[in-house]
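Here is the file final01.txt (compact mmCIF, C-alpha atoms).
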# COMPACT_ATOMS: atom_id res chain seq x y z
CA GLU A 1 -15.06 -21.45 3.88
CA ARG A 2 -12.38 -18.81 4.39
CA VAL A 3 -14.28 -16.39 2.16
CA ARG A 4 -17.48 -16.99 4.13
CA LYS A 5 -15.73 -15.67 7.25
CA VAL A 6 -14.47 -12.52 5.53
CA LYS A 7 -16.34 -9.34 6.43
CA CYS A 8 -14.04 -6.85 4.70
CA PHE A 9 -11.81 -7.09 1.63
CA ALA A 10 -8.74 -4.83 1.92
CA LEU A 11 -8.12 -4.15 -1.75
CA ASP A 12 -4.82 -3.24 -3.28
CA MET A 13 -5.35 -0.70 -6.04
CA ASP A 14 -2.83 -0.59 -8.91
CA GLY A 15 -2.64 -4.04 -10.48
CA THR A 16 -5.75 -5.23 -8.64
CA ILE A 17 -8.71 -2.93 -9.34
CA TYR A 18 -7.03 -0.94 -12.11
CA LEU A 19 -3.75 -0.78 -14.00
CA GLY A 20 -2.25 2.67 -14.40
CA ASN A 21 -5.11 4.81 -15.69
CA GLU A 22 -7.34 1.96 -16.84
CA LEU A 23 -10.03 0.51 -14.57
CA PHE A 24 -10.43 -3.24 -14.99
CA PRO A 25 -13.88 -3.93 -16.52
CA PHE A 26 -14.74 -6.46 -13.79
CA THR A 27 -14.06 -4.11 -10.86
CA PRO A 28 -17.50 -2.41 -10.64
CA GLU A 29 -19.34 -5.74 -10.54
CA PHE A 30 -16.99 -7.03 -7.84
CA LEU A 31 -17.60 -3.97 -5.65
CA GLU A 32 -21.36 -4.20 -6.16
CA THR A 33 -21.37 -7.93 -5.37
CA VAL A 34 -19.38 -7.48 -2.15
CA LYS A 35 -21.99 -5.00 -0.89
CA SER A 36 -24.92 -7.10 -2.09
CA VAL A 37 -23.83 -10.12 -0.02
CA GLY A 38 -23.49 -8.02 3.13
CA LYS A 39 -19.72 -7.66 3.16
CA ASP A 40 -17.55 -4.55 2.92
CA TYR A 41 -14.35 -3.38 1.29
CA CYS A 42 -11.71 -0.73 1.76
CA PHE A 43 -8.85 0.37 -0.45
CA PHE A 44 -5.23 0.16 0.65
CA THR A 45 -2.38 1.20 -1.60
CA ASN A 46 1.33 1.08 -0.86
CA ASN A 47 1.97 3.76 -3.48
CA SER A 48 3.30 6.68 -1.44
CA SER A 49 3.67 9.08 -4.37
CA ARG A 50 0.14 10.40 -3.78
CA ASN A 51 -2.20 11.17 -0.88
CA PRO A 52 -5.63 9.74 0.04
CA LYS A 53 -7.62 12.52 -1.65
CA MET A 54 -5.79 12.04 -4.95
CA TYR A 55 -6.57 8.32 -4.91
CA ALA A 56 -10.21 8.91 -3.94
CA ASP A 57 -10.50 11.41 -6.81
CA LYS A 58 -9.03 8.83 -9.18
CA LEU A 59 -11.58 6.24 -8.11
CA ARG A 60 -14.43 8.73 -8.47
CA ASN A 61 -13.19 9.62 -11.95
CA PHE A 62 -13.42 5.90 -12.77
CA GLY A 63 -17.10 6.08 -11.82
CA ILE A 64 -16.75 4.59 -8.33
CA THR A 65 -18.75 7.47 -6.92
CA ASN A 66 -19.50 6.18 -3.40
CA VAL A 67 -15.86 6.55 -2.29
CA GLY A 68 -14.94 9.16 0.31
CA ASP A 69 -11.39 10.32 1.00
CA GLU A 70 -11.52 8.40 4.28
CA ASP A 71 -12.22 5.14 2.41
CA VAL A 72 -8.72 5.10 0.92
CA CYS A 73 -5.94 3.84 3.18
CA ILE A 74 -2.36 4.44 2.17
CA SER A 75 1.07 3.49 3.46
CA ASN A 76 1.77 7.18 4.16
CA GLU A 77 -0.83 7.15 6.92
CA VAL A 78 0.67 4.07 8.58
CA ALA A 79 4.08 5.77 8.74
CA ILE A 80 2.55 9.01 10.04
CA ARG A 81 0.71 7.09 12.76
CA TYR A 82 4.00 5.48 13.86
CA ILE A 83 5.85 8.81 13.88
CA LYS A 84 3.20 10.50 16.01
CA ALA A 85 3.25 7.63 18.49
CA ASN A 86 7.03 7.47 18.81
CA TYR A 87 8.38 11.02 18.34
CA GLU A 88 7.50 13.85 20.69
CA ASP A 89 8.78 16.55 18.32
CA PRO A 90 9.36 15.03 14.88
CA ARG A 91 11.24 17.18 12.37
CA VAL A 92 11.14 15.21 9.17
CA PHE A 93 13.05 15.26 5.90
CA VAL A 94 10.73 13.50 3.44
CA LEU A 95 12.31 12.31 0.22
CA GLY A 96 9.08 12.11 -1.73
CA THR A 97 6.68 13.83 -4.07
CA PRO A 98 5.01 17.16 -3.19
CA ALA A 99 1.80 15.17 -2.57
CA LEU A 100 3.53 12.96 0.01
CA ILE A 101 5.10 15.95 1.73
CA GLU A 102 1.72 17.71 1.84
CA ASN A 103 0.17 14.58 3.37
CA PHE A 104 2.71 14.78 6.22
CA LYS A 105 2.09 18.51 6.68
CA ALA A 106 -1.68 17.99 6.72
CA ARG A 107 -1.27 15.52 9.59
CA GLY A 108 0.70 18.05 11.63
CA ILE A 109 4.20 16.71 10.93
CA THR A 110 6.93 19.39 10.77
CA ILE A 111 9.00 19.25 7.59
CA ASP A 112 12.65 20.19 8.23
CA GLU A 113 15.34 19.60 5.61
CA GLU A 114 18.02 21.58 7.49
CA ASN A 115 18.02 19.99 10.96
CA PRO A 116 15.85 16.85 10.81
CA ASN A 117 15.63 14.20 13.51
CA LEU A 118 13.95 11.68 11.19
CA MET A 119 14.48 10.76 7.53
CA VAL A 120 11.48 9.35 5.63
CA LEU A 121 11.89 7.73 2.23
CA GLY A 122 8.84 7.55 -0.05
CA PHE A 123 8.10 6.65 -3.66
CA ASP A 124 9.58 9.80 -5.19
CA THR A 125 8.70 10.16 -8.86
CA THR A 126 10.12 13.72 -8.68
CA LEU A 127 13.52 12.58 -7.38
CA THR A 128 16.43 14.94 -8.03
CA TYR A 129 20.11 14.24 -7.50
CA ASP A 130 20.54 17.24 -5.19
CA ARG A 131 17.80 16.17 -2.75
CA LEU A 132 18.94 12.54 -2.93
CA SER A 133 22.51 13.56 -2.05
CA ARG A 134 21.39 15.68 0.92
CA PHE A 135 19.07 12.91 2.12
CA CYS A 136 21.90 10.35 1.96
CA GLN A 137 24.23 12.60 3.92
CA PHE A 138 21.79 12.84 6.83
CA VAL A 139 21.25 9.07 6.72
CA ARG A 140 25.02 8.56 6.62
CA ASP A 141 25.36 10.85 9.65
CA GLY A 142 23.09 8.58 11.69
CA VAL A 143 19.76 10.42 11.71
CA ASP A 144 16.81 8.04 12.33
CA TYR A 145 15.63 6.61 9.04
CA ILE A 146 12.40 4.85 7.93
CA GLY A 147 10.79 3.96 4.60
CA VAL A 148 7.14 4.21 3.63
CA ASN A 149 6.61 1.27 1.24
CA ALA A 150 8.85 -1.64 0.28
CA ASP A 151 7.65 -2.11 -3.33
CA LEU A 152 10.50 -2.53 -5.80
CA ASN A 153 8.45 -1.69 -8.90
CA CYS A 154 5.19 0.07 -9.70
CA PRO A 155 3.17 -1.63 -12.49
CA MET A 156 2.10 0.45 -15.46
CA GLU A 157 0.00 -0.16 -18.57
CA CYS A 158 1.19 -2.60 -21.28
CA GLY A 159 3.12 -4.75 -18.81
CA LYS A 160 5.70 -2.06 -18.01
CA PHE A 161 7.14 -1.10 -14.60
CA ILE A 162 8.87 1.88 -13.03
CA PRO A 163 11.22 1.82 -9.98
CA ASP A 164 9.35 2.19 -6.68
CA CYS A 165 10.34 3.11 -3.12
CA GLY A 166 12.06 -0.19 -2.37
CA SER A 167 14.40 0.28 -5.31
CA ILE A 168 15.26 3.81 -4.20
CA ALA A 169 15.98 2.39 -0.73
CA ARG A 170 18.53 0.03 -2.25
CA LEU A 171 20.19 2.99 -3.94
CA VAL A 172 20.38 4.82 -0.60
CA GLU A 173 21.71 1.66 1.05
CA SER A 174 24.49 1.37 -1.53
CA SER A 175 25.57 4.92 -0.66
CA THR A 176 25.07 4.90 3.11
CA GLY A 177 25.12 1.28 4.27
CA ARG A 178 21.71 1.71 5.92
CA PHE A 179 18.37 0.17 4.93
CA PRO A 180 15.08 1.38 6.47
CA GLU A 181 12.21 -0.32 8.23
CA PHE A 182 9.09 -0.02 6.07
CA PHE A 183 5.51 0.69 7.21
CA GLY A 184 3.34 -0.20 4.23
CA LYS A 185 2.52 -3.78 3.28
CA PRO A 186 3.88 -6.31 4.35
CA SER A 187 4.61 -4.56 7.65
CA PRO A 188 2.58 -5.74 10.67
CA TYR A 189 1.93 -2.02 11.24
CA THR A 190 -0.31 -2.12 8.16
CA LEU A 191 -2.28 -5.12 9.40
CA LYS A 192 -2.80 -3.41 12.76
CA PHE A 193 -3.85 -0.21 10.94
CA ILE A 194 -6.56 -2.06 8.98
CA VAL A 195 -7.75 -3.99 12.05
CA ASP A 196 -8.09 -0.74 13.98
CA LYS A 197 -9.78 1.08 11.09
CA THR A 198 -12.37 -1.63 10.43
CA GLY A 199 -12.88 -2.74 14.03
CA LEU A 200 -12.78 -6.35 12.83
CA LYS A 201 -10.82 -9.43 13.87
CA GLU A 202 -7.90 -10.57 11.71
CA GLU A 203 -9.81 -13.63 10.48
CA GLU A 204 -12.60 -11.34 9.22
CA ILE A 205 -10.24 -9.47 6.86
CA ALA A 206 -8.93 -10.58 3.45
CA PHE A 207 -6.07 -8.76 1.77
CA VAL A 208 -6.41 -8.87 -2.01
CA GLY A 209 -3.52 -7.94 -4.29
CA ASP A 210 -1.10 -8.70 -7.09
CA ARG A 211 2.24 -8.44 -5.25
CA LEU A 212 3.29 -11.52 -3.32
CA TYR A 213 5.99 -9.86 -1.21
CA THR A 214 3.66 -7.08 -0.03
CA ASP A 215 -0.08 -7.78 -0.53
CA ILE A 216 0.23 -11.47 0.35
CA ALA A 217 3.11 -11.35 2.83
CA VAL A 218 1.21 -8.85 5.02
CA THR A 219 -1.02 -11.68 6.29
CA GLU A 220 1.83 -14.02 7.27
CA ASN A 221 1.85 -15.03 10.95
CA SER A 222 -1.72 -13.75 11.29
CA ASP A 223 -5.28 -15.05 10.98
CA ALA A 224 -6.08 -12.77 8.02
CA THR A 225 -6.69 -14.29 4.58
CA SER A 226 -4.58 -13.49 1.52
CA ILE A 227 -6.02 -13.59 -2.00
CA PHE A 228 -3.57 -13.30 -4.88
CA VAL A 229 -4.84 -11.96 -8.23
CA MET A 230 -2.83 -12.33 -11.45
CA THR A 231 -3.61 -8.93 -12.96
CA GLY A 232 -0.46 -7.04 -11.97
CA GLU A 233 3.12 -7.77 -10.97
CA GLY A 234 3.12 -11.32 -9.59
CA THR A 235 2.88 -14.53 -11.60
CA LEU A 236 1.27 -17.91 -10.98
CA GLU A 237 4.69 -19.58 -10.93
CA GLU A 238 5.89 -17.18 -8.22
CA ALA A 239 2.73 -17.78 -6.19
CA ILE A 240 3.25 -21.55 -6.32
CA ASN A 241 7.03 -21.74 -5.96
CA GLY A 242 7.97 -18.51 -4.19
CA PRO A 243 8.41 -17.89 -0.45
CA HIS A 244 5.09 -16.07 0.03
CA LYS A 245 2.16 -18.49 -0.27
CA PRO A 246 -1.32 -16.99 -0.75
CA ASP A 247 -4.32 -18.67 0.83
CA LEU A 248 -6.22 -18.32 -2.45
CA ILE A 249 -5.07 -17.78 -6.03
CA MET A 250 -7.54 -16.08 -8.39
CA GLU A 251 -7.25 -15.03 -12.00
CA SER A 252 -8.75 -11.64 -11.12
CA LEU A 253 -11.45 -9.98 -9.03
CA ALA A 254 -13.92 -11.49 -11.49
CA GLU A 255 -13.21 -14.95 -10.06
CA ILE A 256 -13.86 -13.69 -6.51
CA THR A 257 -17.13 -12.19 -7.77
CA ALA A 258 -18.16 -15.57 -9.16
CA LEU A 259 -17.25 -17.30 -5.90
CA LEU A 260 -19.30 -14.83 -3.84
CA LYS A 261 -22.29 -15.29 -6.14
CA GLU A 262 -21.97 -19.07 -5.83
CA ILE A 263 -21.73 -18.95 -2.02
CA TYR A 264 -24.66 -16.57 -1.58
CA ASN A 265 -26.80 -17.75 -4.52
CA LYS A 266 -26.76 -14.36 -6.26
Using C-alpha cells, write down the structure that the file contains.
Amino acid sequence: ERVRKVKCFALDMDGTIYLGNELFPFTPEFLETVKSVGKDYCFFTNNSSRNPKMYADKLRNFGITNVGDEDVCISNEVAIRYIKANYEDPRVFVLGTPALIENFKARGITIDEENPNLMVLGFDTTLTYDRLSRFCQFVRDGVDYIGVNADLNCPMECGKFIPDCGSIARLVESSTGRFPEFFGKPSPYTLKFIVDKTGLKEEEIAFVGDRLYTDIAVTENSDATSIFVMTGEGTLEEAINGPHKPDLIMESLAEITALLKEIYNK
C-alpha cells in the first residue's frame, strides 16, 4: 500500500543502481517498469567528489540514455542552495575535488582560500596534507564550517570501501574540536530539496538506498517512505537491529520491480 502511493522514487546511485563502475543487471528493467506503471524516478547521490554532469555522463555511458544533467541531484547542490539563502557574500574554502570546486563556481559561489568566511568540507579524493592543514587552521580560528555529505565510507567493487566525507570530518574534528552540520542525506535539507524539485508531497516520495544512516534516515520524522536495498554498504542485520528502521527491506531493485509488476499486473 505504501508503494501504491509513491509517485517518485529518489534513487541512491552507488550501491543501489550500480557499484563502482558496474551497473547492476536489474537496474534497466527497474527504470523501465517504474515508467511503465506511470511513476517517476530521480537520482540523488551523496557522493560530493563529482558534479551532476559527471554523474549524468556515467549513467549515459551505462546505457541509461534518457538522463539529462538536471535529472541527477547531488548533495553539493543542497549545500549550495543553503549557502545562497544564508550568506549575502559567501567566500568559500572548499576542501574537495576539482569537480566539487567547479560545481560551486558554476553556481556563482566565490572560492577564496586566503580570506574565507565559510569552510565547506566535501568528499575529497584528491586530499593533500597542505590543504588539509590550511583548512583546519581556518576551522580552528572559528570560521563558519559546514560539510556536504555525512557518509563514512564509499562502497567500491568486490566489497571494498574507501573513506568518505564523514570520515574526513572526524579527522578535522580530532584536530580542531569542531564537527560540521551536513546537507546531504540524512539532512532534512535534502528531503526539502527533493520535495521542491519534484513538486510532490512527502508521502508521494520513496527514498531507495543501501546506507541506513543516510538513505533510510533521511525519511525519519517525515511522511516519505524508505526502501532499503542490500546491494551496497548496509546489511540485513543492521536494518533489523540498528537505530534506523526502513519501511521496506528489499534484496535489490529487482524485488521492487517484481512488486510493481504484481501491483499493476504487468
Considering all atoms listed in the file, return as a count of residues only whatever protein or nucleic-acid residues lie within 9 Å of Asp14 of chain A, sequence-local ones (same chain, fewer than 6 positions apart) excluded. 10
Near Ile205 of chain A, within 10 Å and counting only C-alpha atoms, which residues show up once chain neighbours fewer than 2 positions away are dropped, as a PyMOL selection string? chain A and resi 2-3+5-10+40-41+191+194-195+198+200-203+207-208+219+223-226
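Nearest residue to Gly166 of chain A among A:Arg81, A:His244, A:Lys185, A:Lys266 is A:Lys185, counting all atoms listed in the file.
With all atoms listed in the file as the atoms that count, the minimum distance from Met250 of chain A to the choices A:Thr16, A:Lys58, A:Leu121, A:Ile146 is reached by A:Thr16.
One finds atom CA of Asn115 of chain A at 7.5 Å from atom CA of Arg91 of chain A.
Closest approach to Leu23 of chain A among A:Arg4, A:Lys39, A:Arg60, A:Lys160 is made by A:Arg60 (distances from only C-alpha atoms).
Across the structure, atom CA of Ile249 of chain A and atom CA of Thr33 of chain A are spaced 19.1 Å apart.
For the atom pair formed by atom CA of Gly147 of chain A and atom CA of Phe182 of chain A, the distance is 4.6 Å, given to one decimal.
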Got a sec: who's within 9 Å of Ser175 of chain A, counting all atoms listed in the file, leaving out chain neighbours fewer than 5 positions off, as a list in words? Cys136, Arg140 and Arg170 of chain A
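Distance check against Gly142 of chain A using all atoms listed in the file: of A:Thr176, A:Thr110, A:Gly159, A:Pro98, the minimum falls on A:Thr176.
With all atoms listed in the file as the atoms that count, the residue of A:Lys53, A:Lys261, A:Arg178, A:Arg211 with the shortest distance to Leu100 of chain A is A:Lys53.
Every protein, DNA or RNA residue with an atom at most 12 Å from Asp141 of chain A, where all atoms listed in the file count and chain neighbours fewer than 2 positions away do not, is listed here: Asn115, Pro116, Asn117, Leu118, Met119, Arg134, Phe135, Cys136, Gln137, Phe138, Val139, Val143, Asp144, Tyr145, Ser175, Thr176, Gly177 and Arg178 of chain A.
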